[in-house]
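Listing of protein-v3.pdb, PDB, C-alpha atoms
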ATOM      1  CA  MET A   1       0.000   0.000   0.000
ATOM      2  CA  LYS A   2       1.292   3.445  -0.918
ATOM      3  CA  VAL A   3       1.062   6.062   1.823
ATOM      4  CA  ILE A   4       0.527   9.556   0.442
ATOM      5  CA  SER A   5       2.336  12.383   2.209
ATOM      6  CA  THR A   6       1.343  15.463   0.188
ATOM      7  CA  ALA A   7      -1.346  16.516  -2.264
ATOM      8  CA  ASP A   8       1.290  16.654  -5.024
ATOM      9  CA  GLU A   9       1.517  12.837  -4.935
ATOM     10  CA  ILE A  10      -2.198  12.328  -5.382
ATOM     11  CA  GLU A  11      -3.462  14.763  -8.008
ATOM     12  CA  GLY A  12      -5.646  13.220 -10.693
ATOM     13  CA  ILE A  13      -5.218   9.667  -9.479
ATOM     14  CA  ARG A  14      -8.750   8.506 -10.558
ATOM     15  CA  ALA A  15      -9.567   6.310  -7.584
ATOM     16  CA  ILE A  16     -12.348   4.731  -5.594
ATOM     17  CA  VAL A  17     -12.262   6.936  -2.499
ATOM     18  CA  ALA A  18     -13.309   5.431   0.835
ATOM     19  CA  LEU A  19     -14.094   8.314   3.187
ATOM     20  CA  GLY A  20     -13.987   8.212   6.972
ATOM     21  CA  MET A  21     -11.921   8.386  10.154
ATOM     22  CA  PHE A  22     -11.730   4.572  10.294
ATOM     23  CA  ASP A  23     -10.595   4.647  13.915
ATOM     24  CA  GLY A  24     -10.427   1.020  14.989
ATOM     25  CA  VAL A  25     -10.700  -0.433  11.471
ATOM     26  CA  HIS A  26     -13.581  -2.407  13.001
ATOM     27  CA  THR A  27     -16.009  -4.830  11.370
ATOM     28  CA  GLY A  28     -18.197  -1.954  10.150
ATOM     29  CA  HIS A  29     -15.214  -0.308   8.473
ATOM     30  CA  GLN A  30     -14.241  -3.657   7.009
ATOM     31  CA  ALA A  31     -17.709  -3.936   5.432
ATOM     32  CA  LEU A  32     -17.244  -0.478   3.885
ATOM     33  CA  PHE A  33     -13.891  -1.478   2.434
ATOM     34  CA  ARG A  34     -15.380  -4.689   1.045
ATOM     35  CA  GLU A  35     -17.822  -2.482  -0.871
ATOM     36  CA  ALA A  36     -14.954  -0.386  -2.234
ATOM     37  CA  LEU A  37     -12.909  -3.465  -3.125
ATOM     38  CA  GLY A  38     -15.922  -4.910  -4.930
ATOM     39  CA  ILE A  39     -15.999  -1.812  -7.133
ATOM     40  CA  ARG A  40     -12.265  -2.260  -7.736
ATOM     41  CA  GLY A  41     -12.982  -5.771  -8.981
ATOM     42  CA  GLU A  42     -15.520  -4.361 -11.459
ATOM     43  CA  THR A  43     -13.511  -1.351 -12.654
ATOM     44  CA  GLY A  44      -9.820  -2.017 -12.000
ATOM     45  CA  LEU A  45      -9.506   1.350 -10.254
ATOM     46  CA  PRO A  46      -7.369   1.605  -7.088
ATOM     47  CA  VAL A  47      -8.979   2.043  -3.670
ATOM     48  CA  LEU A  48      -7.806   5.052  -1.669
ATOM     49  CA  ALA A  49      -8.597   5.402   2.043
ATOM     50  CA  LEU A  50      -9.050   9.129   2.713
ATOM     51  CA  THR A  51      -8.982   9.989   6.388
ATOM     52  CA  PHE A  52      -7.945  12.755   8.776
ATOM     53  CA  HIS A  53      -5.417  13.363  11.549
ATOM     54  CA  PRO A  54      -5.729  14.430  14.291
ATOM     55  CA  HIS A  55      -9.297  13.453  15.081
ATOM     56  CA  PRO A  56     -11.568  16.355  14.021
ATOM     57  CA  ARG A  57     -13.155  16.518  17.478
ATOM     58  CA  THR A  58      -9.829  17.545  19.011
ATOM     59  CA  VAL A  59      -9.556  20.505  16.633
ATOM     60  CA  ILE A  60     -13.071  21.870  16.944
ATOM     61  CA  GLY A  61     -12.982  21.842  20.761
ATOM     62  CA  ARG A  62     -15.140  18.788  21.458
ATOM     63  CA  SER A  63     -12.380  16.259  22.111
ATOM     64  CA  ASN A  64     -14.303  14.349  24.813
ATOM     65  CA  GLY A  65     -11.488  11.802  24.993
ATOM     66  CA  TYR A  66     -10.793  11.661  21.258
ATOM     67  CA  ASN A  67      -7.237  12.861  21.805
ATOM     68  CA  THR A  68      -6.589   9.119  22.190
ATOM     69  CA  LEU A  69      -7.433   6.654  19.430
ATOM     70  CA  LEU A  70      -8.327   2.993  19.018
ATOM     71  CA  THR A  71      -5.810   2.804  16.177
ATOM     72  CA  PRO A  72      -3.148   5.511  15.943
ATOM     73  CA  LYS A  73      -2.050   6.316  12.418
ATOM     74  CA  GLU A  74       0.675   3.689  11.962
ATOM     75  CA  GLU A  75      -1.497   0.888  13.329
ATOM     76  CA  LYS A  76      -4.351   1.983  11.056
ATOM     77  CA  ILE A  77      -2.057   1.921   8.018
ATOM     78  CA  MET A  78      -0.926  -1.624   8.760
ATOM     79  CA  LEU A  79      -4.489  -2.874   9.203
ATOM     80  CA  LEU A  80      -5.704  -1.236   5.997
ATOM     81  CA  GLU A  81      -2.806  -2.754   4.097
ATOM     82  CA  ASP A  82      -3.938  -6.192   5.265
ATOM     83  CA  LEU A  83      -7.401  -5.466   3.866
ATOM     84  CA  GLY A  84      -5.892  -4.887   0.441
ATOM     85  CA  ILE A  85      -6.273  -1.106   0.212
ATOM     86  CA  ASP A  86      -4.050   0.419  -2.477
ATOM     87  CA  LEU A  87      -3.512   3.973  -1.235
ATOM     88  CA  PHE A  88      -3.734   5.824   2.074
ATOM     89  CA  TRP A  89      -3.955   9.573   2.527
ATOM     90  CA  SER A  90      -4.386  11.177   5.939
ATOM     91  CA  ILE A  91      -5.281  14.840   5.487
ATOM     92  CA  PRO A  92      -3.981  17.129   8.259
ATOM     93  CA  PHE A  93      -7.142  18.329   9.984
ATOM     94  CA  THR A  94      -6.843  22.033  10.744
ATOM     95  CA  ARG A  95      -9.258  24.755  11.795
ATOM     96  CA  ASP A  96      -9.285  25.999   8.192
ATOM     97  CA  LEU A  97     -10.410  22.569   7.042
ATOM     98  CA  ALA A  98     -12.979  22.438   9.845
ATOM     99  CA  TYR A  99     -14.596  25.640   8.551
ATOM    100  CA  MET A 100     -14.486  24.703   4.866
ATOM    101  CA  GLY A 101     -17.933  24.405   3.311
ATOM    102  CA  PRO A 102     -19.054  20.842   2.464
ATOM    103  CA  GLU A 103     -19.314  21.454  -1.284
ATOM    104  CA  ASP A 104     -15.919  23.201  -1.315
ATOM    105  CA  PHE A 105     -14.407  20.169   0.442
ATOM    106  CA  ALA A 106     -15.987  17.735  -2.026
ATOM    107  CA  TRP A 107     -14.860  19.731  -5.038
ATOM    108  CA  ARG A 108     -11.300  20.412  -3.821
ATOM    109  CA  TYR A 109     -10.415  16.988  -2.497
ATOM    110  CA  LEU A 110     -12.635  14.535  -4.352
ATOM    111  CA  THR A 111     -12.888  16.180  -7.766
ATOM    112  CA  HIS A 112      -9.971  18.587  -8.225
ATOM    113  CA  LEU A 113      -7.203  16.689  -6.433
ATOM    114  CA  LEU A 114      -8.290  13.069  -6.795
ATOM    115  CA  SER A 115     -10.537  12.977  -9.867
ATOM    116  CA  ALA A 116     -12.490  10.404  -7.863
ATOM    117  CA  LYS A 117     -14.701   8.080  -9.900
ATOM    118  CA  TYR A 118     -16.448   6.479  -6.950
ATOM    119  CA  VAL A 119     -16.903   7.670  -3.369
ATOM    120  CA  VAL A 120     -17.799   5.148  -0.665
ATOM    121  CA  CYS A 121     -18.788   6.310   2.806
ATOM    122  CA  GLY A 122     -20.776   5.225   5.817
ATOM    123  CA  PHE A 123     -24.391   6.273   6.365
ATOM    124  CA  ASP A 124     -23.337   8.576   9.224
ATOM    125  CA  PHE A 125     -20.300  10.215   7.602
ATOM    126  CA  THR A 126     -20.252  14.001   7.956
ATOM    127  CA  PHE A 127     -17.840  16.578   6.591
ATOM    128  CA  GLY A 128     -17.368  20.305   6.067
ATOM    129  CA  ARG A 129     -18.283  23.186   8.348
ATOM    130  CA  LYS A 130     -19.811  21.907  11.622
ATOM    131  CA  GLY A 131     -20.273  18.497  10.029
ATOM    132  CA  SER A 132     -23.045  19.898   7.836
ATOM    133  CA  GLY A 133     -22.149  17.758   4.805
ATOM    134  CA  THR A 134     -23.818  14.345   4.625
ATOM    135  CA  PRO A 135     -23.924  11.352   2.246
ATOM    136  CA  GLU A 136     -27.165  12.791   0.846
ATOM    137  CA  HIS A 137     -25.269  15.919  -0.181
ATOM    138  CA  LEU A 138     -22.661  13.823  -1.950
ATOM    139  CA  LYS A 139     -25.395  11.986  -3.820
ATOM    140  CA  ALA A 140     -26.993  15.277  -4.848
ATOM    141  CA  TRP A 141     -23.668  16.629  -6.159
ATOM    142  CA  GLN A 142     -22.300  13.456  -7.759
ATOM    143  CA  ASN A 143     -23.264  14.262 -11.348
ATOM    144  CA  ASP A 144     -21.833  17.783 -11.192
ATOM    145  CA  LEU A 145     -18.659  16.632  -9.417
ATOM    146  CA  GLY A 146     -18.031  13.630 -11.651
ATOM    147  CA  PHE A 147     -18.218  10.628  -9.330
ATOM    148  CA  HIS A 148     -20.663   7.931  -8.225
ATOM    149  CA  VAL A 149     -21.584   7.579  -4.548
ATOM    150  CA  ARG A 150     -22.120   4.356  -2.612
ATOM    151  CA  VAL A 151     -23.419   4.700   0.949
ATOM    152  CA  VAL A 152     -22.847   1.753   3.282
ATOM    153  CA  GLU A 153     -25.616   1.070   5.782
ATOM    154  CA  PRO A 154     -24.941   0.299   9.481
ATOM    155  CA  TYR A 155     -23.109  -2.954  10.114
ATOM    156  CA  VAL A 156     -25.097  -4.762  12.791
ATOM    157  CA  MET A 157     -23.910  -7.487  15.165
ATOM    158  CA  ASP A 158     -26.211  -9.044  17.753
ATOM    159  CA  GLY A 159     -28.753  -6.353  17.052
ATOM    160  CA  GLN A 160     -26.302  -3.490  17.644
ATOM    161  CA  ALA A 161     -24.729  -1.167  15.107
ATOM    162  CA  VAL A 162     -20.934  -1.378  15.175
ATOM    163  CA  SER A 163     -19.216   1.973  15.696
ATOM    164  CA  SER A 164     -15.978   3.376  17.033
ATOM    165  CA  THR A 165     -17.984   5.228  19.683
ATOM    166  CA  ARG A 166     -19.517   1.982  20.914
ATOM    167  CA  ILE A 167     -16.117   0.273  21.059
ATOM    168  CA  ARG A 168     -14.646   3.202  22.985
ATOM    169  CA  LYS A 169     -17.467   2.939  25.531
ATOM    170  CA  ASP A 170     -16.904  -0.812  25.883
ATOM    171  CA  LEU A 171     -13.192  -0.314  26.515
ATOM    172  CA  ALA A 172     -13.876   2.502  28.984
ATOM    173  CA  ALA A 173     -15.967  -0.035  30.916
ATOM    174  CA  GLY A 174     -13.321  -2.770  30.579
ATOM    175  CA  LYS A 175     -15.550  -4.848  28.277
ATOM    176  CA  VAL A 176     -12.738  -6.134  26.084
ATOM    177  CA  GLU A 177     -14.741  -9.198  25.039
ATOM    178  CA  ASP A 178     -17.448  -6.981  23.487
ATOM    179  CA  ALA A 179     -14.805  -4.733  21.928
ATOM    180  CA  ARG A 180     -13.109  -7.819  20.476
ATOM    181  CA  ALA A 181     -16.325  -8.915  18.760
ATOM    182  CA  PHE A 182     -16.915  -5.494  17.184
ATOM    183  CA  LEU A 183     -13.262  -5.014  16.176
ATOM    184  CA  GLY A 184     -12.968  -8.495  14.706
ATOM    185  CA  ARG A 185      -9.765  -9.029  16.706
ATOM    186  CA  PRO A 186      -8.629  -8.514  20.314
ATOM    187  CA  TYR A 187      -7.737  -4.946  21.252
ATOM    188  CA  CYS A 188      -3.964  -4.508  21.136
ATOM    189  CA  LEU A 189      -1.695  -2.494  23.430
ATOM    190  CA  SER A 190       1.860  -2.214  22.156
ATOM    191  CA  GLY A 191       5.113  -0.463  22.897
ATOM    192  CA  LYS A 192       8.678  -0.896  24.075
ATOM    193  CA  VAL A 193       9.383  -2.719  27.313
ATOM    194  CA  SER A 194      10.941  -0.360  29.853
ATOM    195  CA  HIS A 195      12.372  -0.729  33.350
ATOM    196  CA  GLY A 196       9.863  -0.412  36.176
ATOM    197  CA  HIS A 197      10.171  -0.586  39.960
ATOM    198  CA  GLY A 198      10.755  -4.340  39.926
ATOM    199  CA  ARG A 199       8.054  -4.964  42.514
ATOM    200  CA  GLY A 200       6.554  -7.875  40.612
ATOM    201  CA  ARG A 201       9.842  -9.740  40.716
ATOM    202  CA  THR A 202      10.048  -9.382  44.506
ATOM    203  CA  ILE A 203       6.755 -11.279  44.933
ATOM    204  CA  GLY A 204       7.526 -13.939  42.306
ATOM    205  CA  PHE A 205       5.656 -12.456  39.335
ATOM    206  CA  PRO A 206       8.083 -10.414  37.210
ATOM    207  CA  THR A 207       6.402  -7.968  34.880
ATOM    208  CA  SER A 208       7.296  -6.057  31.753
ATOM    209  CA  ASN A 209       6.233  -2.417  31.615
ATOM    210  CA  ILE A 210       4.952  -1.466  28.149
ATOM    211  CA  GLU A 211       5.436   2.143  27.101
ATOM    212  CA  VAL A 212       2.121   2.511  25.283
ATOM    213  CA  PRO A 213       2.089   5.634  23.050
ATOM    214  CA  CYS A 214       0.168   8.513  24.597
ATOM    215  CA  GLU A 215      -2.225   8.682  21.627
ATOM    216  CA  LYS A 216      -3.427   5.092  22.200
ATOM    217  CA  LEU A 217      -6.665   4.682  24.159
ATOM    218  CA  LEU A 218      -6.220   2.628  27.329
ATOM    219  CA  PRO A 219      -9.106   0.466  28.557
ATOM    220  CA  ALA A 220     -10.451   0.798  32.089
ATOM    221  CA  GLY A 221      -7.990   0.010  34.841
ATOM    222  CA  GLY A 222      -7.963  -3.604  35.908
ATOM    223  CA  VAL A 223      -6.462  -7.021  35.253
ATOM    224  CA  TYR A 224      -6.834  -8.733  31.891
ATOM    225  CA  ALA A 225      -5.946 -12.023  30.237
ATOM    226  CA  ALA A 226      -3.974 -11.436  27.064
ATOM    227  CA  ALA A 227      -2.129 -13.049  24.206
ATOM    228  CA  VAL A 228       1.380 -11.569  24.222
ATOM    229  CA  ARG A 229       3.691 -11.371  21.234
ATOM    230  CA  VAL A 230       7.391 -10.476  21.104
ATOM    231  CA  MET A 231       9.676 -11.026  18.124
ATOM    232  CA  LEU A 232      11.931 -13.479  19.941
ATOM    233  CA  LEU A 233       8.926 -15.709  20.757
ATOM    234  CA  GLU A 234       7.731 -18.054  18.005
ATOM    235  CA  GLU A 235       4.061 -17.707  18.906
ATOM    236  CA  ALA A 236       1.714 -15.804  21.162
ATOM    237  CA  ARG A 237       2.048 -16.567  24.863
ATOM    238  CA  LEU A 238      -0.439 -16.219  27.669
ATOM    239  CA  GLY A 239      -0.035 -13.003  29.600
ATOM    240  CA  VAL A 240      -1.743 -11.290  32.519
ATOM    241  CA  VAL A 241      -1.932  -7.526  32.046
ATOM    242  CA  ASN A 242      -2.467  -4.970  34.796
ATOM    243  CA  ILE A 243      -3.544  -1.482  33.798
ATOM    244  CA  GLY A 244      -3.392   0.836  36.771
ATOM    245  CA  THR A 245      -1.372   2.700  39.359
ATOM    246  CA  GLN A 246      -0.197  -0.094  41.714
ATOM    247  CA  PRO A 247      -2.326   1.242  44.605
ATOM    248  CA  THR A 248      -1.048  -1.411  47.010
ATOM    249  CA  PHE A 249       2.389   0.250  46.722
ATOM    250  CA  GLY A 250       1.082   3.824  46.721
ATOM    251  CA  GLY A 251       1.562   4.413  42.999
ATOM    252  CA  THR A 252      -0.090   7.305  41.161
ATOM    253  CA  LYS A 253       0.967   6.908  37.509
ATOM    254  CA  VAL A 254      -1.059   4.642  35.231
ATOM    255  CA  GLN A 255       1.138   1.849  33.863
ATOM    256  CA  VAL A 256       0.631  -1.193  31.638
ATOM    257  CA  GLU A 257       2.404  -4.209  33.149
ATOM    258  CA  VAL A 258       2.546  -7.687  31.614
ATOM    259  CA  HIS A 259       3.417 -10.947  33.359
ATOM    260  CA  ILE A 260       4.199 -13.919  31.075
ATOM    261  CA  PRO A 261       3.992 -17.139  33.112
ATOM    262  CA  GLY A 262       7.087 -19.317  32.800
ATOM    263  CA  PHE A 263       9.122 -16.758  30.849
ATOM    264  CA  SER A 264      12.406 -15.555  32.315
ATOM    265  CA  GLY A 265      14.244 -13.885  29.397
ATOM    266  CA  ASP A 266      15.348 -10.258  29.137
ATOM    267  CA  LEU A 267      12.747  -8.212  27.244
ATOM    268  CA  TYR A 268      13.969  -4.691  28.037
ATOM    269  CA  GLY A 269      14.013  -2.525  24.924
ATOM    270  CA  ARG A 270      11.994  -5.081  22.970
ATOM    271  CA  ASN A 271       8.635  -4.301  21.426
ATOM    272  CA  MET A 272       5.655  -6.135  22.850
ATOM    273  CA  HIS A 273       2.049  -6.535  21.749
ATOM    274  CA  ALA A 274      -0.574  -7.535  24.306
ATOM    275  CA  PHE A 275      -3.939  -8.544  22.809
ATOM    276  CA  LEU A 276      -6.532  -8.183  25.566
ATOM    277  CA  THR A 277      -8.906 -11.139  25.417
ATOM    278  CA  HIS A 278     -10.776 -11.160  28.756
ATOM    279  CA  ARG A 279     -11.210  -8.933  31.768
ATOM    280  CA  LEU A 280     -10.396 -10.800  34.976
ATOM    281  CA  ARG A 281     -11.095  -8.222  37.685
ATOM    282  CA  ASP A 282     -10.876  -4.595  38.806
ATOM    283  CA  GLU A 283      -7.628  -3.198  40.160
ATOM    284  CA  ARG A 284      -7.759  -3.255  43.956
ATOM    285  CA  THR A 285      -5.690  -2.156  46.934
ATOM    286  CA  PHE A 286      -4.470  -5.110  48.990
ATOM    287  CA  PRO A 287      -3.452  -4.967  52.672
ATOM    288  CA  ASP A 288       0.040  -6.247  51.912
ATOM    289  CA  ALA A 289       2.243  -7.887  49.272
ATOM    290  CA  ALA A 290       1.301 -11.397  50.419
ATOM    291  CA  ALA A 291      -2.394 -10.743  49.777
ATOM    292  CA  LEU A 292      -1.551  -9.355  46.325
ATOM    293  CA  GLN A 293       0.604 -12.399  45.621
ATOM    294  CA  ALA A 294      -2.294 -14.731  46.491
ATOM    295  CA  GLN A 295      -4.656 -12.803  44.212
ATOM    296  CA  ILE A 296      -2.217 -12.886  41.295
ATOM    297  CA  SER A 297      -2.053 -16.675  41.628
ATOM    298  CA  LYS A 298      -5.839 -16.761  41.280
ATOM    299  CA  ASP A 299      -5.651 -14.391  38.301
ATOM    300  CA  LEU A 300      -3.219 -16.759  36.580
ATOM    301  CA  CYS A 301      -5.562 -19.714  37.061
ATOM    302  CA  SER A 302      -8.425 -17.704  35.567
ATOM    303  CA  ALA A 303      -6.255 -16.569  32.657
ATOM    304  CA  TRP A 304      -5.164 -20.131  31.885
ATOM    305  CA  ASP A 305      -8.806 -21.245  31.839
ATOM    306  CA  LYS A 306      -9.665 -18.487  29.345
ATOM    307  CA  TRP A 307      -6.598 -19.316  27.254
ATOM    308  CA  HIS A 308      -7.495 -22.980  26.847
ATOM    309  CA  GLU A 309     -11.161 -22.218  26.174
ATOM    310  CA  ALA A 310     -10.348 -19.876  23.314
ATOM    311  CA  ALA A 311      -7.167 -21.490  21.903
ATOM    312  CA  TRP A 312      -5.517 -18.053  21.734
ATOM    313  CA  PRO A 313      -2.089 -19.288  20.582
ATOM    314  CA  HIS A 314      -3.536 -19.484  17.073
ATOM    315  CA  SER A 315      -3.754 -16.654  14.548
ATOM    316  CA  PHE A 316      -5.885 -13.559  15.032
ATOM    317  CA  THR A 317      -7.801 -11.740  12.343
ATOM    318  CA  LEU A 318      -5.376  -9.429  10.543
ATOM    319  CA  ILE A 319      -2.440 -10.611  12.659
ATOM    320  CA  ARG A 320      -0.038  -9.996   9.750
ATOM    321  CA  ALA A 321      -0.359  -6.262  10.388
ATOM    322  CA  TYR A 322       0.948  -6.679  13.914
ATOM    323  CA  ASP A 323       3.740  -8.974  12.738
ATOM    324  CA  ARG A 324       4.942  -6.158  10.491
ATOM    325  CA  MET A 325       4.621  -3.631  13.293
ATOM    326  CA  LEU A 326       6.857  -5.746  15.514
ATOM    327  CA  ALA A 327       9.417  -6.220  12.752
ATOM    328  CA  GLN A 328       9.545  -2.512  11.890
ATOM    329  CA  GLU A 329       9.960  -1.426  15.495
ATOM    330  CA  LEU A 330      12.926  -3.635  16.318
ATOM    331  CA  PRO A 331      15.857  -1.616  17.673
TER     332      PRO A 331
END
Translate the structure of the given file into structure tokens.
Amino acid sequence: MKVISTADEIEGIRAIVALGMFDGVHTGHQALFREALGIRGETGLPVLALTFHPHPRTVIGRSNGYNTLLTPKEEKIMLLEDLGIDLFWSIPFTRDLAYMGPEDFAWRYLTHLLSAKYVVCGFDFTFGRKGSGTPEHLKAWQNDLGFHVRVVEPYVMDGQAVSSTRIRKDLAAGKVEDARAFLGRPYCLSGKVSHGHGRGRTIGFPTSNIEVPCEKLLPAGGVYAAAVRVMLLEEARLGVVNIGTQPTFGGTKVQVEVHIPGFSGDLYGRNMHAFLTHRLRDERTFPDAAALQAQISKDLCSAWDKWHEAAWPHSFTLIRAYDRMLAQELP
């Protein structure tokens, strides 16, 4: 997949343009891209994912938590490449762009710069000043602007429409199982392993601290079962992940710590991916280290039960994207 950096690289490309933020690249987004790829099969035209960065809500003053993302830009690129998308262009979202009229946006970006032949978007896609542009506007303008519009209806699972907003709410409540179903893969936390306080090692459960990028959304604090991947390991391993502040030891900073049962190698400086599969419990304050140690033993038993039930050592949907992320990030 070719990643476009400037408008000069994209002018007149004659593409099928898939429009949206695509945060999460969830099952609803995947349905939209299947529609675009179906058109590619009929026409031979390339599919271009046209998105924005940073999230528009952070620019117009209604961030409401959207300063963190389900899939930061590099993760999104890798996932879209796995779907077979040909081109990716992330437009810098500025206040000038936020105040651009909807028809001006459509003409400048879709017609003038891209010479788009097809535009594919979700039923709830909005654009232009105050989000006043809608798919119905694009349909009304399509003949004048020279492209055909396909609007993808809500993608429904278990009677619920899949959306990034819904997934964010699930993660904020620690419902990683629900988020996993809507994403089509377990939610992934990744980053370099850094030195921590070493407290886990003193009670027999050494942990790796993952430096998760600040733009990545963290689920609710608590303890989770996870499938952990590191380049030096041949396959995913069971992990127990704690997201929280270590209240038993008086901590205040939120950290992501991973314990891999039975592993004793040196992972410092390595890149680690932890795919959260199940929530085990809330983070709690224990009266002493011995009580915490006893609870961690119970957490491990619960995690092993979940691991064997789900056969997590096997491949995940779109796992190739994360393989490439690990390989690229090696020191």
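Between CA of Trp307 (chain A) and CA of Leu238 (chain A) the separation is 6.9 Å.
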> Using all atoms listed in the file, which residue out of A:Asp323, A:Glu153, A:Asp124, A:Glu211 lies closest to Met231 (chain A)?
Replying inline: A:Asp323
When the PyMOL selection byres ((chain A and resi 288-301) around 12) is applied to the structure above, which residues does it catch, written out as a CSV table (one decimal) with C-alpha atoms, keeping the file's coordinate frame?
chain,number,residue,atom,x,y,z
A,199,ARG,CA,8.1,-5.0,42.5
A,200,GLY,CA,6.6,-7.9,40.6
A,201,ARG,CA,9.8,-9.7,40.7
A,202,THR,CA,10.0,-9.4,44.5
A,203,ILE,CA,6.8,-11.3,44.9
A,204,GLY,CA,7.5,-13.9,42.3
A,205,PHE,CA,5.7,-12.5,39.3
A,206,PRO,CA,8.1,-10.4,37.2
A,207,THR,CA,6.4,-8.0,34.9
A,222,GLY,CA,-8.0,-3.6,35.9
A,223,VAL,CA,-6.5,-7.0,35.3
A,224,TYR,CA,-6.8,-8.7,31.9
A,225,ALA,CA,-5.9,-12.0,30.2
A,226,ALA,CA,-4.0,-11.4,27.1
A,238,LEU,CA,-0.4,-16.2,27.7
A,239,GLY,CA,0.0,-13.0,29.6
A,240,VAL,CA,-1.7,-11.3,32.5
A,241,VAL,CA,-1.9,-7.5,32.0
A,242,ASN,CA,-2.5,-5.0,34.8
A,246,GLN,CA,-0.2,-0.1,41.7
A,247,PRO,CA,-2.3,1.2,44.6
A,248,THR,CA,-1.0,-1.4,47.0
A,249,PHE,CA,2.4,0.2,46.7
A,250,GLY,CA,1.1,3.8,46.7
A,258,VAL,CA,2.5,-7.7,31.6
A,259,HIS,CA,3.4,-10.9,33.4
A,260,ILE,CA,4.2,-13.9,31.1
A,261,PRO,CA,4.0,-17.1,33.1
A,262,GLY,CA,7.1,-19.3,32.8
A,278,HIS,CA,-10.8,-11.2,28.8
A,279,ARG,CA,-11.2,-8.9,31.8
A,280,LEU,CA,-10.4,-10.8,35.0
A,281,ARG,CA,-11.1,-8.2,37.7
A,282,ASP,CA,-10.9,-4.6,38.8
A,283,GLU,CA,-7.6,-3.2,40.2
A,284,ARG,CA,-7.8,-3.3,44.0
A,285,THR,CA,-5.7,-2.2,46.9
A,286,PHE,CA,-4.5,-5.1,49.0
A,287,PRO,CA,-3.5,-5.0,52.7
A,302,SER,CA,-8.4,-17.7,35.6
A,303,ALA,CA,-6.3,-16.6,32.7
A,304,TRP,CA,-5.2,-20.1,31.9
A,305,ASP,CA,-8.8,-21.2,31.8
A,306,LYS,CA,-9.7,-18.5,29.3
A,307,TRP,CA,-6.6,-19.3,27.3
A,308,HIS,CA,-7.5,-23.0,26.8
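Nearest to Leu233 (chain A) of all the residues A:Leu37, A:Ala173, A:Val254, A:Leu326 is A:Leu326, counting only C-alpha atoms.
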I'd like the contact shell of Thr6 (chain A) - 12 Å cut-off, only C-alpha atoms, skipping same-chain residues fewer than 2 positions apart - returned as a PDB file with C-alpha atoms, in the coordinates of the input.
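Writing done, so here's around_0.pdb:
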ATOM      1  CA  VAL A   3       1.062   6.062   1.823  1.00  0.00           C
ATOM      2  CA  ILE A   4       0.527   9.556   0.442  1.00  0.00           C
ATOM      3  CA  ASP A   8       1.290  16.654  -5.024  1.00  0.00           C
ATOM      4  CA  GLU A   9       1.517  12.837  -4.935  1.00  0.00           C
ATOM      5  CA  ILE A  10      -2.198  12.328  -5.382  1.00  0.00           C
ATOM      6  CA  GLU A  11      -3.462  14.763  -8.008  1.00  0.00           C
ATOM      7  CA  PHE A  88      -3.734   5.824   2.074  1.00  0.00           C
ATOM      8  CA  TRP A  89      -3.955   9.573   2.527  1.00  0.00           C
ATOM      9  CA  SER A  90      -4.386  11.177   5.939  1.00  0.00           C
ATOM     10  CA  ILE A  91      -5.281  14.840   5.487  1.00  0.00           C
ATOM     11  CA  PRO A  92      -3.981  17.129   8.259  1.00  0.00           C
ATOM     12  CA  LEU A 113      -7.203  16.689  -6.433  1.00  0.00           C
TER      13      LEU A 113
END
>> For the PyMOL selection byres ((chain A and resi 79) around 12), applied here, can you spell out every residue it catches as a ChimeraX atom specification?
In response: /A:1,22-27,29-30,33,49,71-78,80-85,88,183-185,317-325
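Interatomic distance, CA of Asn143 (chain A) against CA of Ser115 (chain A): 12.9 Å.
Look at Leu48 (chain A): the protein and nucleic acid residues within 7 Å of it, using only C-alpha atoms and passing over chain neighbours fewer than 4 places away, are Ala15, Ile16, Val17, Ala18, Ile85, Asp86, Leu87 and Phe88 of chain A.
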>> Show me, as a VMD selection string, the residues that have an atom within 8 Å of Val230 (chain A) when counting all atoms listed in the file, minus same-chain residues fewer than 2 positions from it.
In response: chain A and resid 228 232 to 233 236 270 to 273 326
Can you spit out the residues from that selection as a PDB file, in the coordinates of the input, using C-alpha atoms?
ATOM      1  CA  VAL A 228       1.380 -11.569  24.222  1.00  0.00           C
ATOM      2  CA  LEU A 232      11.931 -13.479  19.941  1.00  0.00           C
ATOM      3  CA  LEU A 233       8.926 -15.709  20.757  1.00  0.00           C
ATOM      4  CA  ALA A 236       1.714 -15.804  21.162  1.00  0.00           C
ATOM      5  CA  ARG A 270      11.994  -5.081  22.970  1.00  0.00           C
ATOM      6  CA  ASN A 271       8.635  -4.301  21.426  1.00  0.00           C
ATOM      7  CA  MET A 272       5.655  -6.135  22.850  1.00  0.00           C
ATOM      8  CA  HIS A 273       2.049  -6.535  21.749  1.00  0.00           C
ATOM      9  CA  LEU A 326       6.857  -5.746  15.514  1.00  0.00           C
TER      10      LEU A 326
END
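With CA of Tyr118 (chain A) on one side and CA of Ile39 (chain A) on the other, the separation reads 8.3 Å.
Distance annotation: of A:Ala116, A:Leu32, A:Val47, A:Ile167, the residue with the minimal separation from Val152 (chain A) is A:Leu32; atom set is only C-alpha atoms.
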>> For Leu114 (chain A), find every residue with an atom within 6 Å (counting all atoms listed in the file), except residues of its own chain fewer than 3 positions away, and show them as an MDAnalysis selection string.
In response: chainID A and resid 11:14 110:111
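Distance check against Thr58 (chain A) using only C-alpha atoms: of A:Ser164, A:Ser5, A:Thr245, A:Thr94, the minimum falls on A:Thr94.
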> Which residues fall under the PyMOL selection byres ((chain A and resi 129-132) around 10) in this file, as JSON, numbers by chain?
Replying inline: {"A": [56, 60, 95, 96, 97, 98, 99, 100, 101, 102, 103, 104, 105, 125, 126, 127, 128, 133, 134, 137]}
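Checking A:Leu138, A:Gly20, A:Lys175, A:Gly28 one by one against Met157 (chain A), counting all atoms listed in the file, you find the shortest gap at A:Gly28.
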